[in-house]
>>> print(open('run-v4.txt').read())   # compact mmCIF, C-alpha atoms
# COMPACT_ATOMS: atom_id res chain seq x y z
CA MET O 427 -36.42 0.43 9.71
CA SER O 428 -36.53 3.00 12.50
CA HIS O 429 -33.51 4.91 11.20
CA TRP O 430 -33.98 7.28 8.33
CA ILE O 431 -31.83 6.98 5.30
CA TRP O 432 -33.58 8.14 2.22
CA SER O 433 -32.68 8.78 -1.37
CA SER O 434 -34.71 9.08 -4.52
CA LEU O 435 -33.23 6.82 -7.16
CA ASP O 436 -33.22 6.68 -10.90
CA CYS O 437 -30.74 3.83 -11.34
CA GLY O 438 -28.94 2.73 -14.48
CA MET O 439 -25.58 1.09 -15.10
CA ALA O 440 -22.68 2.23 -17.26
CA LEU O 441 -19.19 0.91 -17.97
CA VAL O 442 -16.50 3.58 -17.84
CA GLY O 443 -13.06 2.22 -18.77
CA ASP O 444 -12.36 -0.76 -16.53
CA ILE O 445 -14.39 0.64 -13.63
CA LYS O 446 -18.05 -0.24 -13.34
CA MET O 447 -19.90 2.95 -12.47
CA THR O 448 -23.48 3.40 -11.38
CA ASN O 449 -25.62 6.19 -12.71
CA ILE O 450 -27.99 7.57 -10.08
CA GLU O 451 -29.67 10.94 -10.37
CA ASN O 452 -27.75 11.32 -13.68
CA VAL O 453 -24.47 11.29 -11.73
CA LYS O 454 -21.82 8.57 -12.05
CA TYR O 455 -20.57 7.02 -8.80
CA SER O 456 -17.71 4.60 -8.18
CA LYS O 457 -18.24 1.10 -6.79
CA LYS O 458 -16.94 2.23 -3.39
CA VAL O 459 -19.44 5.10 -3.16
CA MET O 460 -22.21 2.69 -4.13
CA LYS O 461 -21.02 0.21 -1.48
CA TYR O 462 -21.24 2.85 1.26
CA PHE O 463 -24.58 4.04 -0.08
CA THR O 464 -26.24 0.63 -0.39
CA HIS O 465 -24.59 -0.88 2.72
CA PRO O 466 -23.83 2.09 4.99
CA LYS O 467 -21.95 1.54 8.23
CA ASN O 468 -22.80 3.12 11.60
CA VAL O 469 -26.41 3.96 10.74
CA GLY O 470 -28.63 4.96 13.63
CA GLU O 471 -28.87 7.19 16.63
CA ILE O 472 -27.13 7.09 20.00
CA LYS O 473 -29.87 7.91 22.52
CA ASP O 474 -27.48 9.12 25.24
CA ALA O 475 -24.96 10.69 22.86
CA ASP O 476 -22.22 12.85 24.34
CA GLY O 477 -22.35 15.11 21.28
CA VAL O 478 -24.71 15.63 18.36
CA GLY O 479 -23.99 17.45 15.12
CA LYS O 480 -26.93 18.54 12.97
CA VAL O 481 -26.25 20.17 9.60
CA GLY O 482 -28.06 20.77 6.33
CA ASN O 483 -27.40 22.08 2.85
CA ILE O 484 -29.65 24.86 1.63
CA THR O 485 -29.00 24.13 -2.06
CA CYS O 486 -29.80 20.42 -2.21
CA GLY O 487 -31.80 19.95 0.99
CA ASP O 488 -29.60 17.19 2.46
CA ILE O 489 -29.76 16.83 6.25
CA MET O 490 -27.17 14.96 8.35
CA HIS O 491 -27.13 14.15 12.05
CA VAL O 492 -23.99 12.64 13.63
CA TYR O 493 -24.04 11.23 17.18
CA ILE O 494 -20.86 10.52 19.17
CA LYS O 495 -20.07 8.66 22.38
CA ILE O 496 -16.73 9.56 23.97
CA GLY O 497 -14.43 7.11 25.71
CA LYS O 498 -11.21 7.64 27.65
CA LYS O 499 -7.93 5.77 27.36
CA LYS O 500 -4.42 6.21 28.69
CA THR O 501 -1.72 6.85 26.12
CA LYS O 502 1.86 7.38 27.28
CA GLY O 503 0.64 8.11 30.80
CA LYS O 504 -1.90 10.75 29.64
CA GLU O 505 -5.63 10.27 29.56
CA LYS O 506 -6.97 10.90 26.05
CA GLU O 507 -10.56 11.13 24.84
CA PHE O 508 -11.56 9.23 21.73
CA ILE O 509 -14.68 8.52 19.71
CA LYS O 510 -15.87 5.26 21.24
CA ASP O 511 -19.03 5.06 19.14
CA ILE O 512 -20.47 7.09 16.30
CA LYS O 513 -23.72 6.87 14.34
CA PHE O 514 -25.46 8.92 11.68
CA ARG O 515 -28.89 9.62 10.26
CA THR O 516 -29.04 11.24 6.85
CA LEU O 517 -31.82 12.43 4.60
CA GLY O 518 -30.32 12.96 1.17
CA CYS O 519 -28.84 11.64 -2.03
CA ALA O 520 -26.54 8.65 -2.55
CA ALA O 521 -23.44 10.82 -2.04
CA ALA O 522 -24.82 12.27 1.19
CA ILE O 523 -25.42 8.81 2.63
CA ALA O 524 -22.05 7.45 1.42
CA THR O 525 -20.12 10.43 2.86
CA SER O 526 -22.01 10.18 6.16
CA SER O 527 -21.09 6.52 6.39
CA MET O 528 -17.46 7.18 5.48
CA ILE O 529 -16.93 10.06 7.95
CA THR O 530 -18.20 7.83 10.75
CA THR O 531 -15.92 4.99 9.63
CA LEU O 532 -12.91 7.32 9.54
CA ALA O 533 -13.67 8.91 12.94
CA LYS O 534 -14.53 5.79 14.96
CA GLY O 535 -11.74 5.04 17.44
CA LYS O 536 -9.85 8.27 16.75
CA GLU O 537 -8.72 10.62 19.51
CA LEU O 538 -10.72 13.86 19.43
CA GLN O 539 -7.76 15.91 18.17
CA GLN O 540 -7.35 13.50 15.25
CA ALA O 541 -11.06 13.45 14.49
CA ILE O 542 -11.21 17.27 14.43
CA LYS O 543 -8.60 17.24 11.67
CA LEU O 544 -10.62 14.96 9.38
CA SER O 545 -11.58 16.91 6.29
CA ASN O 546 -13.92 16.53 3.37
CA LYS O 547 -10.85 15.73 1.26
CA ASP O 548 -10.17 12.71 3.50
CA VAL O 549 -13.74 11.54 2.91
CA VAL O 550 -13.51 11.98 -0.88
CA LYS O 551 -10.16 10.17 -0.98
CA ALA O 552 -11.44 7.28 1.17
CA LEU O 553 -14.43 6.88 -1.16
CA GLY O 554 -12.18 6.76 -4.22
CA GLY O 555 -13.54 10.09 -5.45
CA LEU O 556 -16.85 11.83 -5.88
CA PRO O 557 -18.28 13.63 -8.89
CA PRO O 558 -17.45 17.36 -8.56
CA ILE O 559 -21.16 18.22 -8.33
CA LYS O 560 -21.36 16.06 -5.17
CA HIS O 561 -18.29 17.36 -3.28
CA HIS O 562 -20.58 19.49 -1.11
CA CYS O 563 -21.81 16.25 0.50
CA SER O 564 -18.31 15.51 1.79
CA LEU O 565 -18.14 19.01 3.27
CA LEU O 566 -21.49 18.44 4.97
CA ALA O 567 -20.18 15.18 6.47
CA GLU O 568 -17.10 16.99 7.80
CA GLU O 569 -19.31 19.71 9.30
CA ALA O 570 -21.65 17.17 10.96
CA LEU O 571 -18.73 15.44 12.69
CA SER O 572 -17.21 18.77 13.71
CA GLU O 573 -20.52 19.95 15.13
CA ALA O 574 -20.88 16.74 17.17
CA ILE O 575 -17.40 17.24 18.65
CA TYR O 576 -18.11 20.93 19.24
CA ASP O 577 -21.36 20.03 21.01
CA TYR O 578 -19.53 17.58 23.29
CA LEU O 579 -16.76 20.05 24.18
CA ARG O 580 -19.23 22.91 24.76
CA LYS O 581 -21.55 20.85 27.00
CA ASN O 582 -18.60 19.67 29.08
CA LYS O 583 -17.06 23.15 29.33
CA LYS O 584 -13.84 22.01 27.66
CA ILE O 585 -11.45 24.09 25.59
CA ILE O 586 -12.60 24.35 21.98
CA PRO O 587 -9.70 24.45 19.50
CA LYS O 588 -9.60 27.46 17.16
CA GLU O 589 -9.96 25.29 14.03
CA LEU O 590 -13.16 23.83 15.49
CA GLU O 591 -14.50 27.32 16.33
CA ILE O 592 -13.96 28.31 12.68
CA LYS O 593 -15.82 25.23 11.42
CA HIS O 594 -18.63 25.90 13.91
CA LYS O 595 -19.09 29.50 12.72
CA ARG O 596 -19.28 28.28 9.11
CA ALA O 597 -21.92 25.69 10.10
CA LEU O 598 -23.95 28.33 11.98
CA THR O 599 -24.03 30.57 8.91
CA THR O 600 -25.33 27.71 6.79
CA GLU O 601 -27.89 26.77 9.47
CA LYS O 602 -29.29 30.33 9.55
CA GLU O 603 -29.57 30.39 5.75
CA PHE O 604 -31.34 27.00 5.85
CA GLU O 605 -33.79 28.15 8.54
CA ASN O 606 -34.55 31.42 6.69
CA LYS O 607 -35.28 29.59 3.44
CA PHE O 608 -37.63 27.05 5.02
CA LYS O 609 -39.41 29.23 7.61
CA LYS O 610 -43.18 28.98 7.55
>>> encode(input="run-v4.txt", output="structure tokens")
Amino acid sequence: MSHWIWSSLDCGMALVGDIKMTNIENVKYSKKVMKYFTHPKNVGEIKDADGVGKVGNITCGDIMHVYIKIGKKKTKGKEKEFIKDIKFRTLGCAAAIATSSMITTLAKGKELQQAIKLSNKDVVKALGGLPPIKHHCSLLAEEALSEAIYDYLRKNKKIIPKELEIKHKRALTTEKEFENKFKK
């Protein structure tokens, strides 16, 4: 496979109440998380992407790249931009891959203003929950999407909404910490 999705696994199964859970990395995941981990949607890279978001987590080492292609459509007489296509490449744990897949699923087809508002809480809810120790993966997925949209708006000299500027500054801080930790 030319796309990278990687996770180290130590798999076991457990039954918790009526919900079958999977134990990976000593963390219990729901069936929906496992579905998006084992059969992720929107995997890959868009070679001529309009925007690319690249983020990482200094604590766990996860790395996510989100690629977006923007389309235009008329809505109520106004031309609106929307996410026509979206792909991801992730190096990380099961939760990192599942949240990457879910953020792309949630964002695909959305107008940019709607996609900007997607949060890590939306990702966690759509996945039917995440273990608290893995919530940082959903935040990373939100940041990767936000960075891709930011990249598109910046490159095309478009107005960047304040909420997106705030997310971008947070991502830059994390990026600098990541680079400092792993400098040669």
>>> residues_around(input="run-v4.txt", residues="O:Met528", least_positions_apart="2", cutoff="12 Å", atoms="only C-alpha atoms", output="PDB file with C-alpha atoms, keeping the file's coordinate frame")
ATOM      1  CA  LYS O 458     -16.940   2.230  -3.390  1.00  0.00           C
ATOM      2  CA  VAL O 459     -19.440   5.100  -3.160  1.00  0.00           C
ATOM      3  CA  MET O 460     -22.210   2.690  -4.130  1.00  0.00           C
ATOM      4  CA  LYS O 461     -21.020   0.210  -1.480  1.00  0.00           C
ATOM      5  CA  TYR O 462     -21.240   2.850   1.260  1.00  0.00           C
ATOM      6  CA  PHE O 463     -24.580   4.040  -0.080  1.00  0.00           C
ATOM      7  CA  HIS O 465     -24.590  -0.880   2.720  1.00  0.00           C
ATOM      8  CA  PRO O 466     -23.830   2.090   4.990  1.00  0.00           C
ATOM      9  CA  LYS O 467     -21.950   1.540   8.230  1.00  0.00           C
ATOM     10  CA  ASN O 468     -22.800   3.120  11.600  1.00  0.00           C
ATOM     11  CA  VAL O 469     -26.410   3.960  10.740  1.00  0.00           C
ATOM     12  CA  VAL O 492     -23.990  12.640  13.630  1.00  0.00           C
ATOM     13  CA  ILE O 512     -20.470   7.090  16.300  1.00  0.00           C
ATOM     14  CA  LYS O 513     -23.720   6.870  14.340  1.00  0.00           C
ATOM     15  CA  PHE O 514     -25.460   8.920  11.680  1.00  0.00           C
ATOM     16  CA  ALA O 521     -23.440  10.820  -2.040  1.00  0.00           C
ATOM     17  CA  ALA O 522     -24.820  12.270   1.190  1.00  0.00           C
ATOM     18  CA  ILE O 523     -25.420   8.810   2.630  1.00  0.00           C
ATOM     19  CA  ALA O 524     -22.050   7.450   1.420  1.00  0.00           C
ATOM     20  CA  THR O 525     -20.120  10.430   2.860  1.00  0.00           C
ATOM     21  CA  SER O 526     -22.010  10.180   6.160  1.00  0.00           C
ATOM     22  CA  THR O 530     -18.200   7.830  10.750  1.00  0.00           C
ATOM     23  CA  THR O 531     -15.920   4.990   9.630  1.00  0.00           C
ATOM     24  CA  LEU O 532     -12.910   7.320   9.540  1.00  0.00           C
ATOM     25  CA  ALA O 533     -13.670   8.910  12.940  1.00  0.00           C
ATOM     26  CA  LYS O 534     -14.530   5.790  14.960  1.00  0.00           C
ATOM     27  CA  LEU O 544     -10.620  14.960   9.380  1.00  0.00           C
ATOM     28  CA  SER O 545     -11.580  16.910   6.290  1.00  0.00           C
ATOM     29  CA  ASN O 546     -13.920  16.530   3.370  1.00  0.00           C
ATOM     30  CA  LYS O 547     -10.850  15.730   1.260  1.00  0.00           C
ATOM     31  CA  ASP O 548     -10.170  12.710   3.500  1.00  0.00           C
ATOM     32  CA  VAL O 549     -13.740  11.540   2.910  1.00  0.00           C
ATOM     33  CA  VAL O 550     -13.510  11.980  -0.880  1.00  0.00           C
ATOM     34  CA  LYS O 551     -10.160  10.170  -0.980  1.00  0.00           C
ATOM     35  CA  ALA O 552     -11.440   7.280   1.170  1.00  0.00           C
ATOM     36  CA  LEU O 553     -14.430   6.880  -1.160  1.00  0.00           C
ATOM     37  CA  GLY O 554     -12.180   6.760  -4.220  1.00  0.00           C
ATOM     38  CA  GLY O 555     -13.540  10.090  -5.450  1.00  0.00           C
ATOM     39  CA  CYS O 563     -21.810  16.250   0.500  1.00  0.00           C
ATOM     40  CA  SER O 564     -18.310  15.510   1.790  1.00  0.00           C
ATOM     41  CA  LEU O 566     -21.490  18.440   4.970  1.00  0.00           C
ATOM     42  CA  ALA O 567     -20.180  15.180   6.470  1.00  0.00           C
ATOM     43  CA  GLU O 568     -17.100  16.990   7.800  1.00  0.00           C
ATOM     44  CA  LEU O 571     -18.730  15.440  12.690  1.00  0.00           C
TER      45      LEU O 571
END
>>> closest_residue(input="run-v4.txt", among="O:Lys595, O:Arg515, O:Lys457, O:Lys473", to="O:Tyr576", atoms="all atoms listed in the file")
O:Lys595
>>> closest_residue(input="run-v4.txt", among="O:Ile509, O:Ala520, O:Ala574, O:Leu598", to="O:Lys560", atoms="all atoms listed in the file")
O:Ala520
>>> closest_residue(input="run-v4.txt", among="O:Lys495, O:Leu565, O:Pro558, O:Thr516", to="O:Gly535", atoms="all atoms listed in the file")
O:Lys495
>>> atom_distance(input="run-v4.txt", atom1="atom CA of O:Gly470", atom2="atom CA of O:Ile575")
17.4 Å
>>> closest_residue(input="run-v4.txt", among="O:Lys583, O:Asn483, O:Glu537, O:Glu591", to="O:Lys500", atoms="all atoms listed in the file")
O:Glu537
>>> residues_near_point(input="run-v4.txt", point="(-25.9, 12.5, 18.9)", cutoff="7 Å", atoms="only C-alpha atoms", output="list in words")
Glu471, Ile472, Ala475, Asp476, Gly477, Val478, Gly479, Val492, Tyr493, Ile494 and Ala574 of chain O
>>> closest_residue(input="run-v4.txt", among="O:Ile484, O:Leu579, O:His491, O:Ser527", to="O:Asn606", atoms="only C-alpha atoms")
O:Ile484
>>> residues_near_point(input="run-v4.txt", point="(-11.9, 19.7, 12.4)", cutoff="6 Å", atoms="all atoms listed in the file", output="list in words")
Ile542, Lys543, Leu544, Ser572 and Leu590 of chain O
>>> closest_residue(input="run-v4.txt", among="O:Cys519, O:Asp511, O:Thr485, O:Ile559", to="O:Thr464", atoms="all atoms listed in the file")
O:Cys519
>>> atom_distance(input="run-v4.txt", atom1="atom CA of O:Gly518", atom2="atom CA of O:Asp577")
22.9 Å
>>> atom_distance(input="run-v4.txt", atom1="atom CA of O:Phe508", atom2="atom CA of O:Ile586")
15.2 Å
>>> decode(input="run-v4.txt", residues="stretch 495-509 of chain O", atoms="N, CA and C atoms", output="short mmCIF file (atom, residue, chain, number, x, y, z; two decimals), in the first residue's frame")
data_model
loop_
_atom_site.label_atom_id
_atom_site.label_comp_id
_atom_site.auth_asym_id
_atom_site.auth_seq_id
_atom_site.Cartn_x
_atom_site.Cartn_y
_atom_site.Cartn_z
N LYS O 495 -9.58 19.24 -1.31
CA LYS O 495 -9.85 19.79 -2.64
C LYS O 495 -11.15 20.57 -2.50
N ILE O 496 -11.14 21.82 -2.93
CA ILE O 496 -12.29 22.71 -2.77
C ILE O 496 -13.10 22.78 -4.06
N GLY O 497 -14.41 22.73 -3.91
CA GLY O 497 -15.33 22.90 -5.02
C GLY O 497 -16.18 24.14 -4.78
N LYS O 498 -16.92 24.54 -5.79
CA LYS O 498 -17.81 25.70 -5.67
C LYS O 498 -19.20 25.30 -6.11
N LYS O 499 -20.20 25.80 -5.37
CA LYS O 499 -21.59 25.55 -5.74
C LYS O 499 -22.42 26.79 -5.41
N LYS O 500 -23.52 26.94 -6.12
CA LYS O 500 -24.42 28.06 -5.86
C LYS O 500 -25.50 27.62 -4.89
N THR O 501 -25.66 28.41 -3.84
CA THR O 501 -26.69 28.17 -2.85
C THR O 501 -27.43 29.49 -2.64
N LYS O 502 -28.72 29.49 -2.93
CA LYS O 502 -29.55 30.69 -2.78
C LYS O 502 -28.93 31.88 -3.50
N GLY O 503 -28.44 31.63 -4.72
CA GLY O 503 -27.88 32.70 -5.54
C GLY O 503 -26.46 33.10 -5.19
N LYS O 504 -25.89 32.55 -4.11
CA LYS O 504 -24.51 32.88 -3.71
C LYS O 504 -23.60 31.70 -4.00
N GLU O 505 -22.39 32.02 -4.45
CA GLU O 505 -21.42 30.96 -4.68
C GLU O 505 -20.76 30.62 -3.34
N LYS O 506 -20.78 29.35 -3.00
CA LYS O 506 -20.19 28.87 -1.74
C LYS O 506 -19.10 27.86 -2.06
N GLU O 507 -18.06 27.85 -1.23
CA GLU O 507 -16.99 26.87 -1.37
C GLU O 507 -17.27 25.72 -0.41
N PHE O 508 -16.97 24.52 -0.87
CA PHE O 508 -17.19 23.34 -0.03
C PHE O 508 -16.04 22.36 -0.23
N ILE O 509 -15.94 21.42 0.69
CA ILE O 509 -14.89 20.40 0.61
C ILE O 509 -15.38 19.31 -0.35
#
